[in-house]
Every structure is written in C-alpha cells, then in structure tokens.
Amino acid sequence: MQKVQNLVVGCGFSGATIARRIAEELDQQVLIIDARDHLAGNAYDYRDPHGIMVHRYGSHIFHTSHEDVWAWMCRFTAFNTYMHRVVAIIDGEETPIPFNLRSLHSVFPHSLAERLEHKLLDQFEYNARIPISDFLQQADPDLRFLADFVYEKVFRHYTAKQWGVAPEADGMGAVTARVPVLISCDSRYFQDKYQGIPLQGYTETVRRMLDHPNIRVQLGTPYHELGVDYERLFYTGSIDEFFGYSCGVLPYRSVRFEFEEHALPYYQSCAVVNYPCNYDFTRIHEFKYYLRDASAHTTIAKEYSENFILGKNERFYPTPHQHAAAIYAAYAAKAAELPQVHFLGRLGCYRYYDMDQAIHQALQLPL
C-alpha cells in the first residue's frame with residue numbers, strides 16, 4: 001500500500017490552504033485529492049465560449065474582514081474592487097437586499113417611506129443591523145406593519161424555497177440571524193472591509209496555492225477508493241461519509257442550476273436578482289458582472305433549491321435542525337478519538353462557512 005506523510009482530501013479553499021501551509025511551513029510532502037475532476041470545490045469557475053467567467057456552482061463573492069485571510073489570498077491572486085449588490089423583485093419592483101432605507105423608497109409611496117424612515121431612525125442607531133427575528137418585535141403600528149411586510153415579501157417565501165421549510169420551523173433561528181434589516185443607505189450585500197473577485201478566477205487561485213514542489217494533486221479520486229496509508233489526514237469532505245454513515249446521514253440542502261446563454265449585452269440589472277415570491281427558482285445569476293467581461297452575449301443561471309439526496313446531487317448548505325445537530329455531535333465524538341485526522345471546512349465541520357471562514361479555520365489550525 002502506498003504511504004504518504006500528509007493526505008488532504010478536498011481541493012477547495014480549506015484543503016488548498018492547509019496543503020500549502022504544510023508544504024511551506026513544515027517542508028513536508030502532501031498528497032491532495034478530490035473526487036471531482038476540477039480544483040476549487042464549489043468555487044470552481046471557467047471561461048465559457050463567449051469569454052465570460054462562469055461560476056459553475058453559483059455566485060461566489062470573496063469578502064472578509066480577517067486581515068490574515070486577505071493577506072493570504074493576495075499572495076496568490078489580485079482582486080478587482082467589485083462590491084456585491086443584490087436586488088429582489090418585490091411587488092414587481094427591484095428592491096435592494098438586505099432591506100435598508102433605500103429599499104423603503106423603492107416599495108412604498110414617498111410619504112409613507114418618509115414616515116417609516118423617520119421612525120426607524122428614532123428607534124434604532126444608524127448603521128444598525130437588526131436580525132429579522134428581532135425586527136418583528138415592534139410595538140409601533142407603522143414599524144410593525146413594516147416588519148410584517150419585510151418578513152412576508154423578502155424573507156418568508158424565499159426561506160421556504162431555499163430551505164424547504166417555513167422560517168418558523170424548529171432550528172431555523174440560525175437562518176433568521178443571518179438575514180438583517182439594515183438601518184442605513186448602504187446597499188452592499190456585504191459590509192466587510194475587503195471585497196472582490198480574483199482577476200484570474202477562483203480555479204486559477206487554487207491552482208497557484210497548490211503549485212509547490214511538495215504538493216501532489218490527484219483529481220477524480222474519491223477518498224474511499226484511494227487505498228493509501230497516511231501519517232496525518234486533513235479531511236474536508238462530509239464527516240458522515242468518512243465514518244460510513246454509521247450515525248446517520250447528515251441533512252443538507254442542495255442546489256440545481258439551469259444555465260442559459262442569451263444574445264444580449266445584459267440580461268438583468270446586476271449580478272444577482274432574488275425572486276422571493278415569484279417562480280420556483282430562488283434567484284438568477286449573471287456572471288459577466290463579476291469581472292466586467294466584454295461580450296455581446298451573456299450567461300445566466302437560474303438557481304433551484306432542493307434536498308440533498310445521497311448519490312443524486314451535491315451537498316451545499318448544512319440544515320440547521322436539532323436532529324442534524326445530534327447526528328453531527330455523534331460524529332464529532334468519533335472524530336475526537338482520531339488525533340491524526342483533522343476535519344475542516346463546511347462539510348467536515350457541518351457549519352455554514354463562507355470562503356473566508358473556511359480559509360481562516362485552515363490558517364489557524366496548529367500544524
């Protein structure tokens with residue numbers, strides 16, 4: 001049986017970061033594998049025939065306030081100054097998301113919007129981020145009306161489509177906490193200090209991370225088919241799969257994309273448009289906005305959420321249900337008995353990590 005000093009499973013940002021650290025900081029050999037035939041995990045991108053950099057698994061916008069993460073990424077790529085903005089179609093109108101003071105004026109008559117804005121500024125500090133669950137607790141009739149409107153038109157139906165359950169369902173508190181109402185005119189989707197898109201794409205960024213004489217990359221190789229002996233394992237796949245589903249299958253939401261090409265300069269007004277109350281898809285991505293790709297054509301993807309089914313589709317989002325937490329806890333207990341194995345990333349830790357959080361975890365892991 002082949003023997004390796006360090007085996008890393010998964011060529012996404014978690015795996016690529018830890019592999020590069022081992023190769024550089026310890027000067028040790030690393031074999032990194034992935035079941036897919038490409039690098040970068042769900043951040044994988046490529047140029048389509050029209051020269052547009054397409055994000056195969058949906059829009060990925062890099063954003064972080066971690067100085068160490070930004071410095072790490074800038075070793076391998078330059079970024080543009082793209083700042084992500086999202087609109088939702090609310091009552092047929094484009095409305096900035098997250099809902100903010102500008103959103104008021106896009107959906108309400110001027111006099112009502114002015115009254116609501118004044119009451120919001122009297123009630124909350126400017127620049128406050130109020131989770132939708134807290135925002136619903138309003139005593140003032142006008143603000144209660146606004147809270148109910150935002151919940152119904154922006155949050156409730158979108159959540160039901162994305163997660164397959166009503167937002168009132170057990171365990172959905174973590175989701176509601178991620179969706180704020182902003183008491184400001186800042187229409188950026190993220191407020192992190194650093195934001196942008198890698199100028200050469202995410203796939204190229206990961207390739208550069210793995211371009212080191214101590215790192216060997218092997219794609220199209222599922223972990224359970226590899227057949228190697230290792231001294232240490234860094235596993236970014238799903239922890240339940242690692243343990244053979246002995247404690248049950250962890251539930252995830254998956255996503256299906258329907259790609260379309262159009263002979264138009266642009267299909268919509270910005271990179272992502274949400275459809276909370278209309279159609280079966282949750283949103284439409286238009287990729288040419290990210291790197292300002294010049295083309296007479298455009299490529300879009302309509303995003304449909306669905307349950308993860310083992311062997312049918314891909315895992316995307318850990319579901320925040322209590323029974324899922326119990327299953328993960330059982331696997332975490334098993335993992336604690338394996339000091340030579342380290343679990344990383346969204347799938348390894350069963351946490352809703354953004355890209356920067358996954359990289360931060362890999363940078364902080366003691367080697």
# chains A, B, ... in the order shown; residues from 1 in each chain; ligands from 1
>>> residues_around(residues="Tyr266 (chain A)", least_positions_apart="5", cutoff="9 Å", atoms="only C-alpha atoms", output="ChimeraX atom specification")
/A:286,288-289,296-299
>>> write_last_selection(atoms="C-alpha atoms", output="short mmCIF file (atom, residue, chain, number, x, y, z; two decimals), in the first residue's frame")
data_model
loop_
_atom_site.label_atom_id
_atom_site.label_comp_id
_atom_site.auth_asym_id
_atom_site.auth_seq_id
_atom_site.Cartn_x
_atom_site.Cartn_y
_atom_site.Cartn_z
CA GLU A 286 -25.50 36.81 -14.36
CA LYS A 288 -20.31 38.81 -16.60
CA TYR A 289 -20.78 41.48 -13.94
CA ALA A 296 -22.22 40.65 -26.98
CA HIS A 297 -23.65 37.59 -25.22
CA THR A 298 -24.40 36.88 -21.60
CA THR A 299 -24.63 33.71 -19.49
#
>>> select_by_dssp(residues="region 27-128 of chain A", states="helix (DSSP H, G or I)", output="VMD selection string")
chain A and resid 41 to 43 67 to 74 101 to 107 110 to 123
>>> select_by_dssp(residues="region 93-301 of chain A", states="strand (DSSP E)", output="ChimeraX atom specification")
/A:93-97,129-131,180-182,194-196,215-218,228-235,252-262,272-274,283-286,298-301
>>> residues_around(residues="region 235-244 of chain A", least_positions_apart="4", cutoff="7 Å", atoms="only C-alpha atoms", output="list of chain:residue names")
A:Val8, A:Val9, A:Gly10, A:Ser14, A:Gly15, A:Val249, A:Leu250, A:Tyr331, A:His342, A:Phe343, A:Leu344, A:Gly345, A:Leu347, A:Gly348
